[in-house]
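Down below is the structure, laid out as structure tokens.
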Amino acid sequence: MIIEDVLCPFCGCLCDDIKVEVEENQIVSVKRACRLGSSKIRGHERIKAPMIREDGKLVETTYEEAYEKAAQLLLDAKRPLLYGWCSTVCEAQKKGVLLAEELGAIIDSTATVCHGPSIIGIEEKGLAGSTLGQVKNRADLIVFWGSNPSEAHPRHAQRYSSNSQGKYTPKGRKNRKVIVVDVRKTRTAKNADKFIQIKPGTDYEVISALRMIIAGKGDALPEQIVGVSKADLEEAAEMMKSARFGSFHFGLGLTHTRGRYKNVDNALSLITDLNSHTKFVVMPMRGHYNVTGFGQVCAWETGFPMSVDFSRGMPYFNPGETAACDVLGRRETDAMLVVAGDPASNFPKAVVEGMADIPVIQVDPFENPTTYLSDVVIPSAVAGVEVEGTAYRMDGLSLRMKKLVDSGYPSDEEILENILECVRRRQDDN
Amino acid sequence: MIIKGGTVYDPTNGILGEEMDISIENGKVVEEAKKGDVIDAKGFLVMPGGVDAHAHIAGAKVNTGRIMRPEDGRQGLEPKTKLLRPSTGYTVPNCYAMGYRYARLGYTTSFEAATPIIESRHTHEELEEIPIIDKGALTLFGNNWEVLECARDGDIDKLAAYISWGLRASRGYGVKVVNPGGGEAWGFGGNVTGLDDPVPDFDVTPREIIRSLMKANEMLNLPHSVHLHTNNLGKPGNYATTLETLKAVEDITSSMDRQVLHITHMQFSAYGGTGWRDFESKAPEIADYFNKHDQFTMDMGQLIFGSATTMTADAPLEYANARLLHAKWSNHDIELEESSGVVPLFYGRKMPINAIQWAIGLELALLTESPWKILMTTDHPNGGPFVNYPEVMTLLMSKPKRDEEIATLHSLVPKRSILATLDREMDWGEIAIMTRAAPAKILGLKDKGHLGIGADADVTIYDLNPEKIDPSKDYKKVKAAFSLAKYNVKGGEVVVKDGEIVSLPRGRTYWVDATVPEEHAQRVEADLVDKFTKYYSIQKSNYMVQDAYVTNPMVVKAGVI
């Protein structure tokens with residue numbers, strides 16, 4: 001059986017044109033996807049059964065016991081943290097928010113070590129964005145800043161940006177100019193008309209210099225700005241101002257270097273400035289396929305997109321105080337549920353050390369470094385392959401993920417529902 | 001259930017303040033209920049449940065407002081209870097707060113005012129999370145490439161077929177048009193300046209877009225008319241564009257017993273002046289036109305002083321707002337369909353423009369003779385949040401209340417508007433029309449907004465005795481009572497008692513399934529295949545809202561006869 005127009009559960013591009021061949025409930029071929037997506041859809045070694053750590057070793061158990069143990073650990077904690085959520089569907093994320101409410105827990109997503117600073121930047125300035133189709137049809141100038149889609153979002157260029165074809169860009173790449181700003185010459189930079197190499201941690205200064213040039217105050221700048229020649233920036237500024245439709249795509253190179261949300265704030269301000277000269281849009285290159293969805297779900301359910309603390313019985317949001325790394329780093333968190341994320345690989349070392357000292361419950365289809373720190377491991381079905389549901393593309397467009405094959409594993413949503421039921425029953429008993 | 005002995009206002013059925021019983025069975029008003037609870041409503045005001053025909057309550061714009069405004073989320077906090085999820089926000093509440101707050105006001109229905117087809121899945125995800133109330137969403141068509149092309153070609157049959165498809169794809173209820181042509185022009189940073197300014201690259205004018213959509217809307221016998229946000233909205237002198245628009249469609253007739261065009265949040269389209277310096281009200285001119293023409297309706301778009309979050313598909317307007325106010329600015333252009341923007345702002349009593357805007361909304365309502373022609377709205381949360389409806393009701397019912405407010409405003413108000421000279425004070429019946437009967441009629445919701453046999457059993461009881469209270473003098477009491485319903489009965493179930501939520505039934509989502517002749521449907525299909533192949537960034541098969549997102553639907557049938 002061939003299933004057409006499958007959505008890819010890997011990166012924020014959320015490509016929806018994948019062709020998957022299924023025979024006897026097995027995926028036998030994946031077409032059109034990039035290597036990253038194809039590998040995710042084909043799948044790899046799975047966690048076989050639920051496990052609970054006994055005497056330092058993970059020992060197989062039943063789902064029922066794993067749910068009970070998870071509920072008990074979360075209820076025994078004073079300051080539980082529910083974390084992850086980037087690689088699952090919105091239906092599971094909704095259950096996660098409800099569980100956090102019931103527990104008086106903190107809920108946070110992987111955005112906190114990814115585009116969290118972008119969200120804070122947006123809180124400062126707003127986001128002048130568009131859907132990716134608008135870029136495809138109109139953009140004659142594309143800027144990749146601190147992002148490397150050739151390796152992280154392999155089909156971005158072809159489907160949506162530099163190499164795509166649209167109404168006003170029928171010749172694709174030939175109708176467009178590409179500027180890349182990065183700290184090294186990436187594969188994306190090789191496709192650029194203009195590459196500006198900057199020193200790590202100098203994004204803020206370079207953006208500020210561009211803004212000055214665009215505002216007509218370039219005379220006040222020195223010939224070299226943190227190692228970049230003024231002439232280079234003047235050329236880039238002229239390309240931006242003279243574009244008919246520009247789009248600016250930024251990645252972790254902007255959000256997680258010195259300056260963080262202030263870098264994003266400055267970049268968003270640059271785009272606002274440019275709109276008094278021409279049309280310009282901006283969007284973050286979100287990583288995991290539904291990390292955007294968590295921000296959406298959390299916002300409509302709680303009013304805030306991440307780092308929400310329910311310990312007061314109502315949402316309290318203050319990243320810097322209530323983000324996952326904050327509470328783990330301060331050693332406040334005394335139990336952690338990780339769903340569809342791998343903090344052990346991505347958190348700062350000191351924070352991972354904090355995780356090692358507390359009970360950790362993992363819900364995930366695949367073993368990863370977080371598994372080694374976990375006390376309860378609950379394997380789940382792969383969302384977007386074995387479970388259908390909603391995901392939000394990096395530009396905020398929502399799409400429905402398909403189910404391609406049956407699975408013996410429960411979905412993330414079912415697992416969370418079961419833990420929630422155990423929590424409620426234990427609360428009633430008390 | 002029997003609601004016994006209340007003083008009932010049910011203007012649709014000609015009942016204005018009669019003491020009577022309302023019998024309810026299986027969620028409907030019946031002749032006589034055989035069993036059930038009795039609510040003693042003696043000495044209380046009884047009305048149909050409130051209907052909001054225009055509010056921004058769900059979807060990408062609303063969530064953008066939440067995400068960019070954590071400072072708003074920190075207002076209006078209410079903790080979770082045994083029954084309720086926590087509430088947050090004032091101008092952009094979370095989904096749960098939307099449902100709870102409408103219910104406490106005595107409202108049972110609200111329609112999201114604008115959803116692009118491609119983002120309707122998101123809109124429905126949020127609508128599904130809003131408890132208690134019935135809802136629906138109006139679908140945006142005014143800047144859609146297929147619409148522009150059909151209007152350019154004068155192909156109304158094909159346009160009707162596309163609307164039919166678009167409503168099904170979005171699970172939408174009606175045709176919303178925002179700054180027609182301007183949203184497409186904004187794709188390259190432009191706008192249109194008036195009815196006859198052609199849309200770049202499409203060789204079609206706003207006049208042609210509006211006329212074509214209205215003709216197609218009537219050809220399809222849709223329950224609601226075209227719902228228009230005018231060109232030049234928010235700009236000084238725009239009343240001329242508004243009147244020109246109305247005159248441009250006087251020859252089009254409605255296919256059924258309702259208006260042929262609804263102009264929304266008229267306050268923002270009734271401005272005089274050549275700029276902000278000589279900005280003034282032109283509400284008298286607009287109201288005068290409506291008094292002489294029965295085929296058009298409008299809603300107020302009343303401004304409320306304090307914080308607001310403006311959100312609209314009129315993206316060039318939002319850019320102008322952001323530049324003028326140096327405010328945060330979000331923009332979101334939507335491939336082949338629309339553009340949109342979100343800007344938070346603060347309406348100040350001493351800001352001359354804001355104070356005059358406030359007066360214009362009230363002038364429109366008070367100068368329009370028939371309350372059936374003008375609905376009470378705040379264009380939530382553009383003019384201000386819907387929780388302020390009781391404030392607007394008392395302003396309409398009390399001249400002393402208006403005088404008291406005007407005294408706190410910028411001194412230009414009496415010079416640039418005639419509000420201070422208006423003595424009209426609305427009565428309970430007129431308020432019931434503007435907040436219940438008329439919005440239901442204008443939306444084409446036959447079972448809503450009245451309490452006749454067979455109507456939905458959506459009934460509100462307010463702790464007000466119309467026989468004893470004088471709303472002109474006792475406006476504080478009136479506002480308090482309208483703010484927290486004594487009882488709100490939704491679909492025959494008590495959802496609010498003494499101002500507290502007591503149950504959480506799931507509301508229904510209205511959408512319109514309109515049929516068209518197969519030949520025109522096929523012509524649209526061919527265009528769509530072409531557009532998805534070349535221009536959309538997603539596949540056609542993944543575009544349409546799936547049934548999973550509308551789990552409690554109320555499908556209204558329409559179509560070409």
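Residue numbering restarts at 1 for every chain of the structure tokens, chains are lettered A, B, ... in their displayed order, and ligands are numbered from 1 as they appear.
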Self-check item: Secondary structure check, strand (DSSP E or B) residues of region 78-195 of chain A, as number ranges by chain
Solution: A: 81-84, 106-109, 128-130, 141-145, 166, 169, 177-182, 194-195
Output N, CA and C atoms for every residue in the selection just made, as a PDB file, in the first residue's frame.
```
ATOM      1  N   LEU A  81       8.467  18.806  37.560  1.00  0.00           N
ATOM      2  CA  LEU A  81       8.672  19.477  36.269  1.00  0.00           C
ATOM      3  C   LEU A  81       8.269  18.520  35.153  1.00  0.00           C
ATOM      4  N   LEU A  82       7.417  18.989  34.254  1.00  0.00           N
ATOM      5  CA  LEU A  82       7.023  18.190  33.085  1.00  0.00           C
ATOM      6  C   LEU A  82       7.670  18.841  31.862  1.00  0.00           C
ATOM      7  N   TYR A  83       8.531  18.088  31.201  1.00  0.00           N
ATOM      8  CA  TYR A  83       9.412  18.713  30.214  1.00  0.00           C
ATOM      9  C   TYR A  83       9.454  17.921  28.911  1.00  0.00           C
ATOM     10  N   GLY A  84       9.720  18.622  27.816  1.00  0.00           N
ATOM     11  CA  GLY A  84       9.951  17.953  26.530  1.00  0.00           C
ATOM     12  C   GLY A  84       8.978  18.479  25.492  1.00  0.00           C
ATOM     13  N   ILE A 106       5.468  22.513  37.157  1.00  0.00           N
ATOM     14  CA  ILE A 106       5.955  23.418  36.110  1.00  0.00           C
ATOM     15  C   ILE A 106       5.970  22.632  34.809  1.00  0.00           C
ATOM     16  N   ILE A 107       5.488  23.251  33.741  1.00  0.00           N
ATOM     17  CA  ILE A 107       5.587  22.611  32.433  1.00  0.00           C
ATOM     18  C   ILE A 107       6.424  23.505  31.522  1.00  0.00           C
ATOM     19  N   ASP A 108       7.339  22.872  30.808  1.00  0.00           N
ATOM     20  CA  ASP A 108       8.212  23.637  29.911  1.00  0.00           C
ATOM     21  C   ASP A 108       8.586  22.757  28.732  1.00  0.00           C
ATOM     22  N   SER A 109       8.932  23.400  27.635  1.00  0.00           N
ATOM     23  CA  SER A 109       9.264  22.638  26.434  1.00  0.00           C
ATOM     24  C   SER A 109      10.735  22.819  26.078  1.00  0.00           C
ATOM     25  N   ALA A 128       7.043  40.069  12.758  1.00  0.00           N
ATOM     26  CA  ALA A 128       6.479  40.386  11.439  1.00  0.00           C
ATOM     27  C   ALA A 128       6.746  39.207  10.518  1.00  0.00           C
ATOM     28  N   GLY A 129       5.847  38.260  10.516  1.00  0.00           N
ATOM     29  CA  GLY A 129       6.107  37.011   9.797  1.00  0.00           C
ATOM     30  C   GLY A 129       5.138  36.758   8.663  1.00  0.00           C
ATOM     31  N   SER A 130       5.177  35.519   8.180  1.00  0.00           N
ATOM     32  CA  SER A 130       4.262  35.086   7.124  1.00  0.00           C
ATOM     33  C   SER A 130       4.282  33.568   7.096  1.00  0.00           C
ATOM     34  N   LEU A 141      14.670  38.080  -1.888  1.00  0.00           N
ATOM     35  CA  LEU A 141      15.884  38.111  -1.063  1.00  0.00           C
ATOM     36  C   LEU A 141      15.642  37.256   0.179  1.00  0.00           C
ATOM     37  N   ILE A 142      16.565  36.344   0.421  1.00  0.00           N
ATOM     38  CA  ILE A 142      16.434  35.467   1.591  1.00  0.00           C
ATOM     39  C   ILE A 142      17.689  35.598   2.438  1.00  0.00           C
ATOM     40  N   VAL A 143      17.478  35.833   3.724  1.00  0.00           N
ATOM     41  CA  VAL A 143      18.613  35.936   4.641  1.00  0.00           C
ATOM     42  C   VAL A 143      18.552  34.764   5.618  1.00  0.00           C
ATOM     43  N   PHE A 144      19.629  34.001   5.695  1.00  0.00           N
ATOM     44  CA  PHE A 144      19.752  32.981   6.738  1.00  0.00           C
ATOM     45  C   PHE A 144      20.775  33.493   7.746  1.00  0.00           C
ATOM     46  N   TRP A 145      20.315  33.687   8.963  1.00  0.00           N
ATOM     47  CA  TRP A 145      21.215  34.259   9.982  1.00  0.00           C
ATOM     48  C   TRP A 145      21.358  33.238  11.119  1.00  0.00           C
ATOM     49  N   GLY A 166       7.707  29.971  -7.287  1.00  0.00           N
ATOM     50  CA  GLY A 166       6.363  30.426  -6.938  1.00  0.00           C
ATOM     51  C   GLY A 166       5.858  31.425  -7.955  1.00  0.00           C
ATOM     52  N   THR A 169       8.247  34.161  -8.519  1.00  0.00           N
ATOM     53  CA  THR A 169       9.611  33.629  -8.535  1.00  0.00           C
ATOM     54  C   THR A 169       9.637  32.361  -9.388  1.00  0.00           C
ATOM     55  N   LYS A 177      18.062  36.409  -4.429  1.00  0.00           N
ATOM     56  CA  LYS A 177      19.408  36.572  -3.876  1.00  0.00           C
ATOM     57  C   LYS A 177      19.381  35.980  -2.468  1.00  0.00           C
ATOM     58  N   VAL A 178      20.534  35.431  -2.066  1.00  0.00           N
ATOM     59  CA  VAL A 178      20.622  34.820  -0.743  1.00  0.00           C
ATOM     60  C   VAL A 178      21.799  35.424   0.016  1.00  0.00           C
ATOM     61  N   ILE A 179      21.512  35.853   1.244  1.00  0.00           N
ATOM     62  CA  ILE A 179      22.578  36.338   2.134  1.00  0.00           C
ATOM     63  C   ILE A 179      22.672  35.363   3.303  1.00  0.00           C
ATOM     64  N   VAL A 180      23.870  34.932   3.629  1.00  0.00           N
ATOM     65  CA  VAL A 180      24.063  34.085   4.805  1.00  0.00           C
ATOM     66  C   VAL A 180      25.013  34.797   5.767  1.00  0.00           C
ATOM     67  N   VAL A 181      24.596  34.851   7.024  1.00  0.00           N
ATOM     68  CA  VAL A 181      25.467  35.395   8.068  1.00  0.00           C
ATOM     69  C   VAL A 181      25.697  34.283   9.072  1.00  0.00           C
ATOM     70  N   ASP A 182      26.953  33.926   9.280  1.00  0.00           N
ATOM     71  CA  ASP A 182      27.250  32.833  10.211  1.00  0.00           C
ATOM     72  C   ASP A 182      28.698  32.957  10.692  1.00  0.00           C
ATOM     73  N   LYS A 194      25.847  36.291  -1.027  1.00  0.00           N
ATOM     74  CA  LYS A 194      26.679  37.118  -0.152  1.00  0.00           C
ATOM     75  C   LYS A 194      26.807  36.392   1.184  1.00  0.00           C
ATOM     76  N   PHE A 195      28.048  36.124   1.566  1.00  0.00           N
ATOM     77  CA  PHE A 195      28.279  35.472   2.860  1.00  0.00           C
ATOM     78  C   PHE A 195      29.052  36.434   3.744  1.00  0.00           C
TER      79      PHE A 195
END
```
Give me, as a tab-separated table (two decimals) with N, CA and C atoms, in the first residue's frame, the contact residues of chain A against chain B at a cut-off of 8 Å, counting only C-alpha atoms.
```tsv
chain	number	residue	atom	x	y	z
A	5	ASP	N	1.19	11.93	0.46
A	5	ASP	CA	1.08	13.18	1.23
A	5	ASP	C	1.20	12.96	2.73
A	15	CYS	N	7.35	18.82	6.23
A	15	CYS	CA	7.04	18.49	4.83
A	15	CYS	C	5.83	17.56	4.79
A	16	ASP	N	4.91	17.86	3.85
A	16	ASP	CA	3.66	17.07	3.86
A	16	ASP	C	3.45	16.35	2.52
A	17	ASP	N	4.55	16.09	1.82
A	17	ASP	CA	4.42	15.47	0.49
A	17	ASP	C	5.13	14.11	0.43
A	101	GLU	N	-1.43	21.09	35.57
A	101	GLU	CA	-2.42	21.79	36.40
A	101	GLU	C	-2.79	20.97	37.63
A	119	ILE	N	11.07	33.60	21.61
A	119	ILE	CA	9.74	33.93	22.16
A	119	ILE	C	9.84	35.17	23.05
A	122	ILE	N	10.02	38.09	20.89
A	122	ILE	CA	8.70	38.40	20.33
A	122	ILE	C	7.84	39.13	21.36
A	123	GLU	N	7.99	38.76	22.63
A	123	GLU	CA	7.25	39.47	23.68
A	123	GLU	C	7.66	40.94	23.74
A	124	GLU	N	8.91	41.21	23.38
A	124	GLU	CA	9.39	42.59	23.40
A	124	GLU	C	8.92	43.37	22.18
A	125	LYS	N	8.92	42.72	21.01
A	125	LYS	CA	8.76	43.47	19.76
A	125	LYS	C	7.63	42.98	18.87
A	126	GLY	N	7.10	41.79	19.07
A	126	GLY	CA	6.18	41.21	18.08
A	126	GLY	C	6.98	40.57	16.96
A	127	LEU	N	6.29	39.87	16.09
A	127	LEU	CA	6.98	39.15	15.01
A	127	LEU	C	6.29	39.47	13.68
A	128	ALA	N	7.04	40.07	12.76
A	128	ALA	CA	6.48	40.39	11.44
A	128	ALA	C	6.75	39.21	10.52
A	129	GLY	N	5.85	38.26	10.52
A	129	GLY	CA	6.11	37.01	9.80
A	129	GLY	C	5.14	36.76	8.66
A	130	SER	N	5.18	35.52	8.18
A	130	SER	CA	4.26	35.09	7.12
A	130	SER	C	4.28	33.57	7.10
A	131	THR	N	3.41	32.98	6.30
A	131	THR	CA	3.55	31.55	6.08
A	131	THR	C	4.70	31.33	5.09
A	132	LEU	N	5.21	30.11	5.07
A	132	LEU	CA	6.34	29.81	4.20
A	132	LEU	C	5.96	29.91	2.72
A	133	GLY	N	4.69	29.67	2.40
A	133	GLY	CA	4.24	29.79	1.01
A	133	GLY	C	4.37	31.21	0.50
A	134	GLN	N	4.23	32.17	1.39
A	134	GLN	CA	4.40	33.57	0.99
A	134	GLN	C	5.86	33.82	0.56
A	136	LYS	N	7.89	31.46	-0.57
A	136	LYS	CA	8.02	30.70	-1.83
A	136	LYS	C	7.53	31.52	-3.03
A	137	ASN	N	6.40	32.19	-2.88
A	137	ASN	CA	5.81	32.90	-4.00
A	137	ASN	C	6.41	34.27	-4.27
A	138	ARG	N	6.98	34.89	-3.22
A	138	ARG	CA	7.31	36.31	-3.38
A	138	ARG	C	8.75	36.70	-3.10
A	159	ARG	N	11.71	23.54	-0.89
A	159	ARG	CA	10.25	23.63	-0.76
A	159	ARG	C	9.75	25.06	-0.53
A	160	TYR	N	10.49	25.82	0.27
A	160	TYR	CA	9.93	27.10	0.74
A	160	TYR	C	10.78	28.33	0.41
A	165	GLN	N	10.11	27.55	-6.30
A	165	GLN	CA	9.50	28.35	-7.35
A	165	GLN	C	8.09	28.75	-6.93
A	166	GLY	N	7.71	29.97	-7.29
A	166	GLY	CA	6.36	30.43	-6.94
A	166	GLY	C	5.86	31.43	-7.95
A	167	LYS	N	4.74	32.09	-7.62
A	167	LYS	CA	4.07	32.97	-8.58
A	167	LYS	C	4.99	34.08	-9.10
A	244	ARG	N	12.29	43.35	-3.29
A	244	ARG	CA	10.85	43.61	-3.36
A	244	ARG	C	10.16	42.93	-2.18
A	245	PHE	N	10.65	41.76	-1.81
A	245	PHE	CA	10.13	41.01	-0.66
A	245	PHE	C	11.30	40.26	-0.05
A	275	ASN	N	10.77	47.42	6.92
A	275	ASN	CA	9.43	47.56	6.35
A	275	ASN	C	9.07	49.00	6.02
A	278	THR	N	10.80	48.53	2.32
A	278	THR	CA	10.25	47.53	1.42
A	278	THR	C	9.46	46.51	2.26
A	279	LYS	N	9.12	45.40	1.67
A	279	LYS	CA	8.39	44.36	2.41
A	279	LYS	C	9.41	43.37	2.97
A	296	GLN	N	1.90	26.91	20.91
A	296	GLN	CA	0.51	27.26	20.59
A	296	GLN	C	-0.45	26.69	21.64
A	299	ALA	N	-0.14	28.29	24.99
A	299	ALA	CA	-0.65	29.66	25.00
A	299	ALA	C	-2.17	29.69	25.08
A	300	TRP	N	-2.84	28.83	24.29
A	300	TRP	CA	-4.31	28.92	24.36
A	300	TRP	C	-4.87	28.29	25.62
A	301	GLU	N	-4.11	27.35	26.22
A	301	GLU	CA	-4.61	26.72	27.45
A	301	GLU	C	-4.26	27.54	28.69
A	302	THR	N	-3.07	28.14	28.71
A	302	THR	CA	-2.63	28.81	29.94
A	302	THR	C	-2.44	30.31	29.77
A	303	GLY	N	-2.41	30.80	28.53
A	303	GLY	CA	-2.11	32.21	28.29
A	303	GLY	C	-0.64	32.46	27.99
A	304	PHE	N	0.23	31.44	28.23
A	304	PHE	CA	1.68	31.64	28.06
A	304	PHE	C	2.26	30.47	27.26
A	305	PRO	N	3.33	30.74	26.46
A	305	PRO	CA	3.79	29.70	25.54
A	305	PRO	C	4.79	28.69	26.09
A	312	ARG	N	0.87	27.84	42.05
A	312	ARG	CA	-0.09	28.73	42.73
A	312	ARG	C	-1.54	28.38	42.36
A	313	GLY	N	-1.72	27.31	41.61
A	313	GLY	CA	-3.08	26.95	41.20
A	313	GLY	C	-3.53	27.68	39.96
A	314	MET	N	-2.71	28.60	39.50
A	314	MET	CA	-2.98	29.29	38.23
A	314	MET	C	-1.64	29.58	37.57
A	315	PRO	N	-1.67	29.80	36.27
A	315	PRO	CA	-0.40	29.92	35.55
A	315	PRO	C	0.43	31.11	36.00
A	316	TYR	N	1.71	30.85	36.20
A	316	TYR	CA	2.67	31.91	36.49
A	316	TYR	C	3.83	31.71	35.53
A	317	PHE	N	4.21	32.76	34.82
A	317	PHE	CA	5.18	32.65	33.74
A	317	PHE	C	6.29	33.65	33.98
A	396	GLY	N	3.82	28.39	11.99
A	396	GLY	CA	2.56	28.46	12.74
A	396	GLY	C	1.39	27.80	12.04
A	397	LEU	N	1.63	27.18	10.88
A	397	LEU	CA	0.54	26.52	10.16
A	397	LEU	C	0.30	25.14	10.77
A	398	SER	N	-0.97	24.83	11.07
A	398	SER	CA	-1.23	23.52	11.67
A	398	SER	C	-1.65	22.52	10.61
A	399	LEU	N	-1.19	21.29	10.78
A	399	LEU	CA	-1.48	20.21	9.84
A	399	LEU	C	-1.76	18.94	10.64
A	400	ARG	N	-2.43	17.99	9.99
A	400	ARG	CA	-2.76	16.75	10.69
A	400	ARG	C	-1.78	15.64	10.28
```
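The interatomic distance for the pair CA of Ala440 (chain B) and CA of Trp372 (chain B) works out to 10.3 Å.
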Exercise. Find, counting only C-alpha atoms, the residue in A:Ser380, A:Gln158, A:Thr370, A:Asn318 that gets nearest to Val352 (chain A).
Key: A:Thr370
Excluding same-chain residues fewer than 5 positions from Leu233 (chain A), what lies within 10 Å of it counting only C-alpha atoms, as a PDB file with C-alpha atoms, in the first residue's frame?
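Result file is result.pdb:
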```
ATOM      1  CA  ILE A 196      29.252  37.498   5.890  1.00  0.00           C
ATOM      2  CA  VAL A 206      26.477  43.463  13.508  1.00  0.00           C
ATOM      3  CA  ILE A 207      22.678  43.823  13.478  1.00  0.00           C
ATOM      4  CA  ALA A 209      25.468  48.339  12.505  1.00  0.00           C
ATOM      5  CA  LEU A 210      23.072  47.185   9.760  1.00  0.00           C
ATOM      6  CA  ARG A 211      20.250  49.108  11.396  1.00  0.00           C
ATOM      7  CA  ILE A 213      23.252  51.920   7.818  1.00  0.00           C
ATOM      8  CA  ILE A 214      19.606  51.346   6.920  1.00  0.00           C
ATOM      9  CA  GLY A 218      26.314  54.656   8.557  1.00  0.00           C
ATOM     10  CA  GLN A 224      35.552  47.613  10.735  1.00  0.00           C
ATOM     11  CA  ILE A 225      32.687  46.504  12.966  1.00  0.00           C
ATOM     12  CA  VAL A 228      33.341  42.786   9.607  1.00  0.00           C
ATOM     13  CA  GLU A 238      21.505  47.810   0.056  1.00  0.00           C
ATOM     14  CA  MET A 239      20.458  44.309  -1.019  1.00  0.00           C
TER      15      MET A 239
END
```
Could you please write out, as an mmCIF file with C-alpha atoms, in the first residue's frame, every residue of region 117-227 of chain A that DSSP assigns to alpha helix (DSSP H)?
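Saved file out_7.cif follows:
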```cif
data_model
loop_
_atom_site.group_PDB
_atom_site.id
_atom_site.type_symbol
_atom_site.label_atom_id
_atom_site.label_comp_id
_atom_site.auth_asym_id
_atom_site.auth_seq_id
_atom_site.Cartn_x
_atom_site.Cartn_y
_atom_site.Cartn_z
ATOM 1 C CA PRO A 117 14.926 33.507 23.517
ATOM 2 C CA SER A 118 13.033 34.059 20.261
ATOM 3 C CA ILE A 119 9.743 33.926 22.155
ATOM 4 C CA ILE A 120 11.048 36.453 24.683
ATOM 5 C CA GLY A 121 12.208 38.633 21.802
ATOM 6 C CA ILE A 122 8.699 38.404 20.330
ATOM 7 C CA GLU A 123 7.253 39.468 23.682
ATOM 8 C CA GLU A 124 9.393 42.593 23.398
ATOM 9 C CA LYS A 125 8.764 43.468 19.765
ATOM 10 C CA LEU A 132 6.342 29.808 4.195
ATOM 11 C CA GLY A 133 4.240 29.793 1.013
ATOM 12 C CA GLN A 134 4.403 33.574 0.992
ATOM 13 C CA VAL A 135 8.219 33.322 0.930
ATOM 14 C CA LYS A 136 8.017 30.697 -1.827
ATOM 15 C CA ASN A 137 5.811 32.900 -4.005
ATOM 16 C CA ARG A 138 7.309 36.310 -3.375
ATOM 17 C CA PRO A 149 19.074 24.668 6.690
ATOM 18 C CA SER A 150 21.249 22.674 4.293
ATOM 19 C CA GLU A 151 22.050 20.460 7.243
ATOM 20 C CA ALA A 152 19.321 21.079 9.827
ATOM 21 C CA HIS A 156 13.659 24.167 3.401
ATOM 22 C CA ALA A 157 15.473 25.699 0.437
ATOM 23 C CA GLN A 158 13.780 23.546 -2.157
ATOM 24 C CA ARG A 159 10.246 23.631 -0.762
ATOM 25 C CA ARG A 187 26.891 24.343 3.447
ATOM 26 C CA THR A 188 24.056 26.889 3.340
ATOM 27 C CA ALA A 189 26.677 29.642 2.903
ATOM 28 C CA LYS A 190 27.984 27.900 -0.220
ATOM 29 C CA ASP A 203 25.457 39.218 16.250
ATOM 30 C CA TYR A 204 24.043 42.081 18.264
ATOM 31 C CA GLU A 205 26.744 44.494 17.161
ATOM 32 C CA VAL A 206 26.477 43.463 13.508
ATOM 33 C CA ILE A 207 22.678 43.823 13.478
ATOM 34 C CA SER A 208 22.994 47.208 15.170
ATOM 35 C CA ALA A 209 25.468 48.339 12.505
ATOM 36 C CA LEU A 210 23.072 47.185 9.760
ATOM 37 C CA ARG A 211 20.250 49.108 11.396
ATOM 38 C CA MET A 212 22.386 52.239 11.504
ATOM 39 C CA ILE A 213 23.252 51.920 7.818
ATOM 40 C CA ILE A 214 19.606 51.346 6.920
#
```
Self-check item: Close residues, Leu14 (chain A) itself excluded, 10 Å, only C-alpha atoms, min 4 positions apart in chain, as a count of residues only
Solution: 22
Quiz item: If you count only C-alpha atoms, which residues fall within 7 Å of region 417-422 of chain B, apart from same-chain ones fewer than 4 positions away, as a PyMOL selection string?
Solution: chain B and resi 280-281+356+359+363+403+413
Take the residues just selected and output them with C-alpha atoms as a PDB file, in the first residue's frame.
```pdb
ATOM      1  CA  GLU B 280     -14.277  64.111  13.947  1.00  0.00           C
ATOM      2  CA  SER B 281     -17.361  61.945  14.129  1.00  0.00           C
ATOM      3  CA  ILE B 356     -13.908  60.805  20.065  1.00  0.00           C
ATOM      4  CA  ALA B 359     -18.304  58.788  21.385  1.00  0.00           C
ATOM      5  CA  GLU B 363     -23.623  57.930  18.600  1.00  0.00           C
ATOM      6  CA  ASP B 403     -22.729  62.643  31.009  1.00  0.00           C
ATOM      7  CA  VAL B 413     -15.421  65.300  22.588  1.00  0.00           C
TER       8      VAL B 413
END
```
Quiz prompt | For Lys135 (chain B): contacts at 6 Å, only C-alpha atoms, fewer than 2 positions along chain excluded, given as a PyMOL selection string | solution = chain B and resi 109-111+509
Please produce a file of the residues just selected, as a short mmCIF file (atom, residue, chain, number, x, y, z; two decimals), in the first residue's frame, where the atoms kept are N, CA and C atoms.
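Output contents, as saved in result-v8.cif:
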```cif
data_model
loop_
_atom_site.label_atom_id
_atom_site.label_comp_id
_atom_site.auth_asym_id
_atom_site.auth_seq_id
_atom_site.Cartn_x
_atom_site.Cartn_y
_atom_site.Cartn_z
N THR B 109 -23.71 32.19 22.93
CA THR B 109 -23.22 31.97 21.56
C THR B 109 -22.24 33.08 21.21
N SER B 110 -21.14 32.70 20.53
CA SER B 110 -20.23 33.73 20.02
C SER B 110 -19.58 33.24 18.74
N PHE B 111 -19.47 34.13 17.77
CA PHE B 111 -18.87 33.78 16.48
C PHE B 111 -17.52 34.46 16.29
N THR B 509 -20.49 23.66 17.23
CA THR B 509 -19.87 24.54 16.24
C THR B 509 -20.71 24.55 14.98
#
```
